[in-house]
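Participant: I am sharing data.txt, which consists of compact mmCIF, C-alpha atoms and all ligand atoms:
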# COMPACT_ATOMS: atom_id res chain seq x y z
CA MET A 21 0.00 0.00 0.00
CA GLN A 22 1.12 3.53 -0.71
CA GLU A 23 2.28 5.48 2.30
CA THR A 24 0.99 8.98 2.90
CA ILE A 25 2.83 12.22 3.60
CA THR A 26 0.65 14.76 5.38
CA LEU A 27 1.54 18.45 5.32
CA VAL A 28 0.15 20.60 8.11
CA VAL A 29 0.10 24.29 7.23
CA PRO A 30 -1.06 26.89 9.77
CA CYS A 31 -2.30 30.04 8.06
CA PHE A 32 -2.97 33.42 9.58
CA ASN A 33 -3.69 36.30 7.22
CA GLU A 34 -2.08 34.52 4.30
CA GLU A 35 -4.55 35.33 1.49
CA LYS A 36 -1.71 36.35 -0.82
CA MET A 37 0.43 33.36 0.03
CA ILE A 38 -2.14 30.57 -0.30
CA PRO A 39 -2.19 30.38 -4.12
CA LEU A 40 1.59 30.81 -4.36
CA PHE A 41 2.21 28.22 -1.70
CA TYR A 42 -0.24 25.75 -3.17
CA GLN A 43 1.22 26.00 -6.63
CA GLU A 44 4.77 25.48 -5.50
CA ILE A 45 4.08 22.73 -3.02
CA SER A 46 1.69 20.65 -5.10
CA GLU A 47 4.07 20.77 -8.05
CA TYR A 48 6.82 19.61 -5.75
CA LEU A 49 4.84 16.88 -4.02
CA SER A 50 3.52 15.38 -7.21
CA GLN A 51 7.10 14.24 -7.94
CA PHE A 52 6.89 11.79 -5.09
CA LYS A 53 5.33 9.06 -7.17
CA LYS A 54 5.74 6.42 -4.48
CA TYR A 55 3.71 8.34 -1.93
CA HIS A 56 0.25 9.59 -1.55
CA TYR A 57 0.08 13.12 -0.13
CA GLU A 58 -2.39 15.21 1.79
CA ILE A 59 -2.20 18.91 2.64
CA ILE A 60 -4.08 20.21 5.67
CA PHE A 61 -4.45 23.96 5.85
CA VAL A 62 -5.49 25.39 9.19
CA ASN A 63 -7.03 28.82 9.04
CA ASP A 64 -6.17 30.32 12.40
CA GLY A 65 -8.89 32.97 12.55
CA SER A 66 -7.47 35.14 9.76
CA LYS A 67 -8.84 38.65 9.46
CA ASP A 68 -8.44 38.70 5.66
CA ASN A 69 -9.77 36.44 2.92
CA THR A 70 -7.62 33.43 3.71
CA TRP A 71 -10.63 31.21 4.31
CA LEU A 72 -12.23 32.28 1.05
CA GLU A 73 -9.01 31.48 -0.80
CA LEU A 74 -8.85 28.10 0.89
CA ARG A 75 -12.44 27.25 -0.01
CA LYS A 76 -11.74 28.07 -3.63
CA LEU A 77 -8.65 25.92 -3.61
CA ILE A 78 -10.20 22.94 -1.85
CA ASN A 79 -12.72 22.75 -4.65
CA THR A 80 -9.99 22.05 -7.16
CA ASP A 81 -7.93 19.33 -5.54
CA ALA A 82 -8.82 16.19 -3.61
CA HIS A 83 -5.44 16.15 -1.84
CA LEU A 84 -6.47 19.14 0.24
CA LYS A 85 -8.30 19.58 3.47
CA ALA A 86 -8.93 22.80 5.36
CA ILE A 87 -9.78 23.42 8.97
CA ASN A 88 -11.34 26.69 10.02
CA LEU A 89 -10.74 27.58 13.65
CA SER A 90 -13.37 29.68 15.36
CA ARG A 91 -10.89 32.49 16.07
CA ASN A 92 -7.15 33.16 16.22
CA PHE A 93 -5.66 30.68 18.69
CA GLY A 94 -2.02 31.17 17.74
CA LYS A 95 0.28 29.11 15.58
CA GLU A 96 0.94 26.49 18.24
CA SER A 97 -2.74 25.67 18.55
CA ALA A 98 -3.26 25.76 14.80
CA MET A 99 -0.45 23.25 14.37
CA LEU A 100 -2.05 20.98 16.93
CA ALA A 101 -5.40 21.18 15.14
CA GLY A 102 -3.68 20.12 11.92
CA LEU A 103 -1.75 17.30 13.57
CA MET A 104 -4.99 16.04 15.08
CA GLU A 105 -6.51 15.72 11.61
CA SER A 106 -3.42 14.27 9.99
CA SER A 107 -3.51 10.68 8.86
CA GLY A 108 -0.20 10.17 7.07
CA GLU A 109 2.62 7.88 8.13
CA TYR A 110 4.88 10.90 7.73
CA VAL A 111 3.77 14.32 8.84
CA VAL A 112 5.41 17.61 7.91
CA VAL A 113 4.65 20.87 9.67
CA MET A 114 5.46 23.91 7.57
CA ASP A 115 4.64 27.62 7.26
CA ALA A 116 2.44 28.95 4.51
CA ASP A 117 4.80 31.77 3.59
CA LEU A 118 7.33 29.59 1.71
CA GLN A 119 10.00 30.53 4.23
CA HIS A 120 10.34 26.82 4.75
CA PRO A 121 11.83 25.57 1.47
CA PRO A 122 9.80 22.61 0.14
CA HIS A 123 12.89 20.94 -1.34
CA LEU A 124 13.99 19.92 2.17
CA ILE A 125 11.16 17.39 2.30
CA GLU A 126 13.07 15.03 0.08
CA GLU A 127 16.11 15.09 2.36
CA MET A 128 13.96 14.75 5.48
CA LEU A 129 12.21 11.74 4.00
CA ARG A 130 15.53 10.19 3.07
CA LEU A 131 16.87 10.62 6.60
CA ILE A 132 13.76 8.98 8.01
CA LYS A 133 13.50 6.14 5.51
CA GLU A 134 17.15 5.33 5.02
CA GLU A 135 18.92 6.44 8.16
CA GLY A 136 16.25 5.42 10.61
CA TYR A 137 15.44 8.78 12.19
CA ASP A 138 11.99 9.34 13.65
CA SER A 139 11.93 13.08 13.39
CA VAL A 140 13.89 15.58 11.29
CA GLY A 141 13.81 19.27 12.12
CA ALA A 142 15.04 22.16 10.03
CA TYR A 143 17.16 25.02 11.28
CA ARG A 144 18.09 28.30 9.66
CA ILE A 145 21.63 29.18 8.83
CA GLY A 146 22.96 32.66 8.16
CA ARG A 147 20.33 34.58 10.05
CA SER A 148 22.51 37.61 10.45
CA LYS A 149 23.77 37.93 6.87
CA LYS A 150 23.48 41.21 5.04
CA GLY A 151 20.41 41.74 2.93
CA ASN A 152 18.52 39.65 5.40
CA SER A 153 15.19 40.97 6.58
CA GLU A 154 15.95 40.34 10.22
CA SER A 155 17.30 43.11 12.35
CA PHE A 156 20.47 42.84 14.36
CA ILE A 157 18.50 43.21 17.58
CA ARG A 158 16.26 40.30 16.72
CA VAL A 159 19.18 38.05 15.93
CA LEU A 160 20.92 39.00 19.17
CA TYR A 161 17.74 38.49 21.08
CA SER A 162 17.24 35.05 19.65
CA LYS A 163 20.85 34.08 20.43
CA LEU A 164 20.34 35.10 24.03
CA PHE A 165 17.11 33.17 24.18
CA TYR A 166 18.65 29.89 23.03
CA ARG A 167 21.60 30.27 25.33
CA PHE A 168 19.32 30.97 28.26
CA ILE A 169 16.76 28.25 27.61
CA ASN A 170 19.36 25.58 26.96
CA LYS A 171 21.17 26.42 30.19
CA MET A 172 18.02 26.45 32.20
CA SER A 173 15.86 23.61 31.02
CA ASP A 174 16.06 19.86 30.66
CA VAL A 175 15.24 19.90 26.96
CA LYS A 176 17.96 21.10 24.62
CA ILE A 177 16.68 23.14 21.72
CA LYS A 178 18.78 23.41 18.59
CA GLU A 179 19.78 27.00 17.96
CA ASN A 180 17.74 28.60 15.16
CA ALA A 181 15.52 25.54 14.96
CA THR A 182 12.21 26.23 13.26
CA ASP A 183 8.88 24.50 13.52
CA TYR A 184 9.49 23.04 10.07
CA ARG A 185 9.92 19.32 10.56
CA MET A 186 8.97 15.88 9.41
CA MET A 187 7.86 13.29 11.92
CA LYS A 188 6.88 9.68 11.86
CA ARG A 189 3.39 8.79 12.99
CA LYS A 190 4.55 7.64 16.43
CA VAL A 191 6.12 11.03 17.13
CA VAL A 192 2.92 12.80 16.13
CA ASN A 193 0.91 10.51 18.38
CA ALA A 194 3.22 11.30 21.26
CA LEU A 195 2.78 15.03 20.62
CA LEU A 196 -0.98 14.65 20.53
CA GLU A 197 -0.90 13.07 23.94
CA LEU A 198 0.53 16.24 25.43
CA GLN A 199 -2.63 18.11 26.16
CA GLU A 200 -1.02 21.11 27.81
CA TYR A 201 -2.58 24.48 27.20
CA ASN A 202 0.61 26.52 27.03
CA ARG A 203 2.27 24.91 24.07
CA PHE A 204 5.83 25.73 23.19
CA SER A 205 6.25 23.41 20.23
CA LYS A 206 9.99 23.76 19.79
CA GLY A 207 10.38 22.42 23.30
CA LEU A 208 7.64 19.81 22.96
CA PHE A 209 9.26 18.37 19.83
CA GLU A 210 12.39 17.80 21.89
CA TRP A 211 10.58 16.72 25.01
CA VAL A 212 8.90 13.73 23.34
CA GLY A 213 12.32 12.38 22.47
CA PHE A 214 12.79 9.82 19.65
CA LYS A 215 15.72 9.69 17.27
CA THR A 216 16.00 13.22 15.94
CA THR A 217 18.32 14.99 13.56
CA TYR A 218 18.47 18.38 11.84
CA VAL A 219 18.97 19.76 8.39
CA GLY A 220 20.05 23.33 7.77
CA TYR A 221 18.81 25.77 5.16
CA GLU A 222 19.61 29.33 4.17
CA ASN A 223 17.17 31.82 5.60
CA VAL A 224 14.60 32.93 3.03
CA SER A 225 12.46 36.02 3.31
CA ARG A 226 8.71 36.07 2.95
CA LYS A 227 7.30 36.27 -0.60
CA ALA A 228 4.13 38.14 0.34
CA GLY A 229 2.20 39.27 3.38
CA LYS A 230 3.99 40.09 6.58
CA SER A 231 5.29 38.31 9.63
CA SER A 232 2.84 38.32 12.47
CA TRP A 233 5.51 38.55 15.14
CA SER A 234 5.85 41.80 16.98
CA PHE A 235 8.63 42.35 19.47
CA PHE A 236 6.16 41.97 22.31
CA LYS A 237 4.83 38.68 20.93
CA LEU A 238 8.38 37.38 20.61
CA PHE A 239 9.15 38.40 24.15
CA ASN A 240 6.11 36.51 25.37
CA TYR A 241 7.10 33.53 23.28
CA ALA A 242 10.51 33.49 24.93
CA ILE A 243 8.97 33.69 28.41
CA GLU A 244 6.59 30.92 27.41
CA GLY A 245 9.48 28.73 26.33
CA ILE A 246 11.43 29.28 29.50
CA THR A 247 8.56 28.89 31.93
CA SER A 248 7.18 25.84 30.12
CA PHE A 249 10.35 23.88 30.47
CA SER A 250 12.15 25.12 33.53
CA ILE A 251 11.54 26.19 37.10
CA ILE A 252 15.11 27.32 37.52
CA PRO A 253 14.10 31.03 37.39
CA LEU A 254 12.05 30.42 40.54
CA LYS A 255 14.99 28.79 42.24
CA LEU A 256 17.26 31.63 41.13
CA SER A 257 15.00 34.23 42.69
CA GLY A 258 15.13 32.27 45.95
CA LEU A 259 18.89 32.07 45.69
CA LEU A 260 19.12 35.81 45.08
CA GLY A 261 17.07 36.34 48.24
CA ILE A 262 19.38 34.14 50.29
CA CYS A 263 22.49 35.88 48.95
CA SER A 264 21.21 39.36 49.62
CA SER A 265 20.10 38.38 53.15
CA LEU A 266 23.51 36.93 53.87
CA ILE A 267 25.33 39.98 52.58
CA SER A 268 23.08 42.34 54.53
CA PHE A 269 23.57 40.27 57.67
CA VAL A 270 27.34 40.44 57.39
CA TYR A 271 27.12 44.17 56.70
CA MET A 272 24.85 44.63 59.75
CA VAL A 273 27.31 42.86 62.03
CA TYR A 274 30.11 45.01 60.61
CA ILE A 275 28.19 48.25 61.26
CA ILE A 276 27.36 47.27 64.84
CA ILE A 277 30.95 46.33 65.64
CA ASP A 278 32.23 49.46 63.93
CA ARG A 279 29.86 51.56 66.07
CA ILE A 280 30.86 49.86 69.33
CA VAL A 281 34.61 49.61 68.74
CA ASN A 282 35.35 52.77 66.76
CA GLY A 283 32.29 54.82 67.71
CA THR A 284 31.63 55.67 64.04
CA ASP A 285 28.46 57.68 63.49
CA VAL A 286 25.99 55.78 61.34
CA SER A 287 25.34 57.94 58.32
CA GLY A 288 24.49 57.33 54.72
CA TRP A 289 20.94 58.26 53.87
CA ALA A 290 21.69 57.79 50.19
CA THR A 291 23.00 54.28 50.74
CA ILE A 292 19.88 53.29 52.63
CA VAL A 293 17.49 54.70 50.06
CA SER A 294 19.27 53.11 47.13
CA LEU A 295 19.48 49.77 48.93
CA ILE A 296 15.78 49.82 49.77
CA LEU A 297 14.92 50.63 46.16
CA PHE A 298 17.25 47.95 44.89
CA LEU A 299 15.84 45.27 47.16
CA GLY A 300 12.29 46.45 46.44
CA GLY A 301 13.06 46.00 42.75
CA ILE A 302 14.34 42.50 43.29
CA THR A 303 11.25 41.63 45.33
CA LEU A 304 8.92 42.90 42.63
CA ILE A 305 10.78 41.05 39.89
CA SER A 306 10.58 37.83 41.90
CA LEU A 307 6.88 38.38 42.46
CA GLY A 308 6.38 39.00 38.76
CA LEU A 309 8.24 35.82 38.00
CA LEU A 310 6.06 33.91 40.42
CA GLY A 311 3.07 35.51 38.71
CA GLU A 312 4.20 34.17 35.33
CA TYR A 313 4.11 30.65 36.66
CA ILE A 314 0.86 31.10 38.58
CA GLY A 315 -0.80 32.58 35.49
CA ARG A 316 0.20 29.51 33.56
CA ILE A 317 -1.07 27.18 36.24
CA TYR A 318 -4.34 29.14 36.15
CA ASN A 319 -4.63 28.61 32.40
CA GLU A 320 -3.80 24.94 32.68
CA VAL A 321 -6.24 24.07 35.44
CA LYS A 322 -9.16 25.55 33.56
CA HIS A 323 -8.78 22.73 31.06
CA ARG A 324 -10.21 24.71 28.21
CA PRO A 325 -9.85 23.23 24.76
CA ILE A 326 -6.67 24.36 23.02
CA TYR A 327 -8.59 25.35 19.90
CA ILE A 328 -12.16 25.23 18.61
CA VAL A 329 -12.96 23.99 15.14
CA ASP A 330 -15.57 25.86 13.16
CA GLU A 331 -15.59 23.54 10.15
CA ILE A 332 -13.44 21.09 8.25
CA ILE A 333 -13.81 20.89 4.49
CA LYS A 334 -12.64 18.57 1.74
CA LYS A 335 -13.29 18.65 -1.98
CA LYS A 336 -16.39 16.53 -2.03
CA GLU A 337 -17.93 18.29 0.96
CA VAL A 338 -17.62 21.67 -0.69
CA GLU A 339 -19.44 20.33 -3.74
CA ASN A 340 -22.14 18.90 -1.54
CA SER A 341 -22.60 22.04 0.48
CA GLU A 342 -22.82 24.05 -2.73
CA LYS A 343 -25.50 21.72 -4.07
CA THR A 344 -27.59 22.08 -0.96
CA ASN A 345 -27.23 25.85 -0.93
N1 LIG A 401 0.50 31.75 12.02
C1 LIG A 401 -0.65 31.20 12.57
N2 LIG A 401 -1.25 31.84 13.62
C2 LIG A 401 -0.76 32.98 14.17
C3 LIG A 401 0.45 33.50 13.62
C4 LIG A 401 1.04 32.86 12.55
O1 LIG A 401 -1.14 30.18 12.11
O2 LIG A 401 -1.35 33.50 15.11
C5 LIG A 401 1.15 31.06 10.86
C6 LIG A 401 1.45 31.94 9.67
O3 LIG A 401 0.37 32.01 8.78
C7 LIG A 401 2.64 31.24 9.03
C8 LIG A 401 3.37 30.66 10.24
O4 LIG A 401 2.40 30.60 11.28
O5 LIG A 401 2.24 30.18 8.17
C9 LIG A 401 4.57 31.49 10.64
O6 LIG A 401 4.20 32.81 10.86
P1 LIG A 401 5.10 34.06 10.47
O7 LIG A 401 5.57 33.94 9.05
O8 LIG A 401 4.31 35.26 10.84
O9 LIG A 401 6.31 33.88 11.47
P2 LIG A 401 7.89 34.01 11.17
O10 LIG A 401 8.16 33.28 9.87
O11 LIG A 401 8.16 35.45 11.06
O12 LIG A 401 8.51 33.34 12.34
MG MG A 402 7.31 33.46 8.19
Please lay out the structure from this file as structure tokens.
Ligand code: UDP
Ligand code: MG

Facilitator:
Amino acid sequence: MQETITLVVPCFNEEKMIPLFYQEISEYLSQFKKYHYEIIFVNDGSKDNTWLELRKLINTDAHLKAINLSRNFGKESAMLAGLMESSGEYVVVMDADLQHPPHLIEEMLRLIKEEGYDSVGAYRIGRSKKGNSESFIRVLYSKLFYRFINKMSDVKIKENATDYRMMKRKVVNALLELQEYNRFSKGLFEWVGFKTTYVGYENVSRKAGKSSWSFFKLFNYAIEGITSFSIIPLKLSGLLGICSSLISFVYMVYIIIDRIVNGTDVSGWATIVSLILFLGGITLISLGLLGEYIGRIYNEVKHRPIYIVDEIIKKKEVENSEKTN
């Protein structure tokens, strides 16, 4: 029997990219004569005509399937929705903006079939090259993030890894079992384990539309990654507390002895004020940190669904619904 490759493509405001993406990817996939393929688009509550474009497209090709989520749930949730619907023995997650070069699929498949890997991720090389759309700050920021998260958490994330990857069915099933609400996929991919390797590709810029990542969103994403996989920040804030108490205790003893032995007048209003402000700052940061974790616990215990499906369409269903209309 022919094996199936499923492509999961989260789309948010990608009306311009859908036709371009479809053309390129279906041309590419049709070369894989030995495999059947299926493309699952997930419309993640786009504000533009993405869903309309998808409906038009679905009508033309039986390889396609589209899921409409009831609102924007974020890429992580959209990916999960697509994985849930996927049926292939091999599943690829890729962006709709063609920033994930389709030609890597062949290499990923080879690594899985011939070299026995269960999961192959893609990472970007040359992020900081000239002519690249990414700013210096963003590159620096991402470097810091990887350094930090890999020091602090049990899972090791490959630097510049993307969400573009091919997985065997068993890996997908493992991912689907993780029903956590705060999903940091890059970490989850690593957390499930299995034999994993990486392929590199030159960074490509978007063909149309624009990236939906603002600096604030990225910042949140980084916090998400760190808090999802590590409680070391909590321990660090405790450690900081212990250190500052110890230092202040030693200083206190010194002041008292200095007063008794040398009779030095205790002065230093400025020192006291700046110390109080400094320690106040540390306390507030620690509280904020605690808040980050508590907020996440709050979201988890509510057990809300990670996404809500509005409708799922395939070629035949569109024809049917048009007949009945
Ligand atoms: N995306 C999504 N939901 C969102 C944001 C993005 O499904 O809330 C999709 C988007 O359509 C694209 C992919 O996730 O296919 C990556 O998004 P983007 O290109 O904005 O991110 P970048 O490439 O800049 O990391
Ligand atoms: Mg992109």

Participant: Let me make sure I understand: among A:Pro121, A:Gly207, A:Gly245, A:Pro39, which one has the smallest atom-to-atom distance to ligand MG 402 (chain A) if we use all atoms listed in the file?

Facilitator: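 Checking each of A:Pro121, A:Gly207, A:Gly245, A:Pro39 against ligand MG 402 (chain A), counting all atoms listed in the file, the winner is A:Pro121.
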
Participant: Grab the CA of Lys171 in chain A to CA of Gly315 in chain A distance for me, in Å with one decimal place.

Facilitator: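 It comes out at 23.4 Å.
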
Participant: Per residue of chain A within 6 Å of ligand LIG 401 (chain A), what are the shortest atom pair and its distance in Å to one decimal, counting only C-alpha atoms and all ligand atoms, with rows by chain and residue number, as a tab-separated table?

Facilitator:
residue	atom	partner	partner_atom	distance
A:Pro30	CA	A:LIG401	O1	4.0
A:Cys31	CA	A:LIG401	O3	3.4
A:Phe32	CA	A:LIG401	O3	3.7
A:Glu34	CA	A:LIG401	O3	5.7
A:Asp64	CA	A:LIG401	O1	5.0
A:Asn92	CA	A:LIG401	O2	5.9
A:Gly94	CA	A:LIG401	O2	3.6
A:Lys95	CA	A:LIG401	N2	3.7
A:Ala98	CA	A:LIG401	O1	5.6
A:Asp115	CA	A:LIG401	O5	3.6
A:Ala116	CA	A:LIG401	O5	3.9
A:Asp117	CA	A:LIG401	O5	5.5
A:Ser231	CA	A:LIG401	O8	3.4
A:Ser232	CA	A:LIG401	O8	3.8
A:Trp233	CA	A:LIG401	O8	5.5

Participant: Calculate how many Å separate CA of Thr303 in chain A from CA of Ser264 in chain A, rounding to one decimal.

Facilitator: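 Spanning CA of Thr303 in chain A to CA of Ser264 in chain A is a straight-line distance of 11.1 Å.
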
Participant: Smallest atom-to-atom distance to Leu77 in chain A: which of A:Leu100, A:Ser107, A:Phe249, A:Ser46, using only C-alpha atoms?

Facilitator: A:Ser46

Participant: Check the smallest atom-to-atom distance from each of A:Asp183, A:Glu197, A:Asp278, A:Asp285 to ligand MG 402 (chain A) using all atoms listed in the file, then report the winner.

Facilitator: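 Between A:Asp183, A:Glu197, A:Asp278, A:Asp285, the residue approaching ligand MG 402 (chain A) most closely is A:Asp183.
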
Participant: Looking at A:Thr247, A:Thr182, A:Thr291, A:Gln199, which one is nearest to ligand MG 402 (chain A), with distances taken over all atoms listed in the file?

Facilitator: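 Between A:Thr247, A:Thr182, A:Thr291, A:Gln199, the residue approaching ligand MG 402 (chain A) most closely is A:Thr182.
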
Participant: Counting all atoms listed in the file, which residue out of A:Leu118, A:Val140, A:Ile333, A:Met37 sits closest to ligand MG 402 (chain A)?

Facilitator: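 Of the candidates, the smallest distance to ligand MG 402 (chain A) is held by A:Leu118.
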
Participant: Once you count only C-alpha atoms, which residues end up no further than 10 Å from (0.3, 14.0, -4.8) in the file's frame, shown as a PDB file with C-alpha atoms, in the frame of the given file?

Facilitator:
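As a result, selection_7.pdb now contains:
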ATOM      1  CA  THR A  24       0.990   8.980   2.900  1.00  0.00           C
ATOM      2  CA  ILE A  25       2.830  12.220   3.600  1.00  0.00           C
ATOM      3  CA  ILE A  45       4.080  22.730  -3.020  1.00  0.00           C
ATOM      4  CA  SER A  46       1.690  20.650  -5.100  1.00  0.00           C
ATOM      5  CA  GLU A  47       4.070  20.770  -8.050  1.00  0.00           C
ATOM      6  CA  TYR A  48       6.820  19.610  -5.750  1.00  0.00           C
ATOM      7  CA  LEU A  49       4.840  16.880  -4.020  1.00  0.00           C
ATOM      8  CA  SER A  50       3.520  15.380  -7.210  1.00  0.00           C
ATOM      9  CA  GLN A  51       7.100  14.240  -7.940  1.00  0.00           C
ATOM     10  CA  PHE A  52       6.890  11.790  -5.090  1.00  0.00           C
ATOM     11  CA  LYS A  53       5.330   9.060  -7.170  1.00  0.00           C
ATOM     12  CA  LYS A  54       5.740   6.420  -4.480  1.00  0.00           C
ATOM     13  CA  TYR A  55       3.710   8.340  -1.930  1.00  0.00           C
ATOM     14  CA  HIS A  56       0.250   9.590  -1.550  1.00  0.00           C
ATOM     15  CA  TYR A  57       0.080  13.120  -0.130  1.00  0.00           C
ATOM     16  CA  GLU A  58      -2.390  15.210   1.790  1.00  0.00           C
ATOM     17  CA  ILE A  59      -2.200  18.910   2.640  1.00  0.00           C
ATOM     18  CA  ASP A  81      -7.930  19.330  -5.540  1.00  0.00           C
ATOM     19  CA  ALA A  82      -8.820  16.190  -3.610  1.00  0.00           C
ATOM     20  CA  HIS A  83      -5.440  16.150  -1.840  1.00  0.00           C
ATOM     21  CA  LEU A  84      -6.470  19.140   0.240  1.00  0.00           C
TER      22      LEU A  84
END

Participant: Suppose you want the space between CA of Lys335 in chain A and CA of Leu124 in chain A; what is it in Å?

Facilitator: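 About the pair CA of Lys335 in chain A and CA of Leu124 in chain A: they are 27.6 Å apart.
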
Participant: Tell me which of A:Leu196, A:Val62, A:Val281, A:Ile169 sits closest to Val28 in chain A, counting only C-alpha atoms.

Facilitator: A:Val62
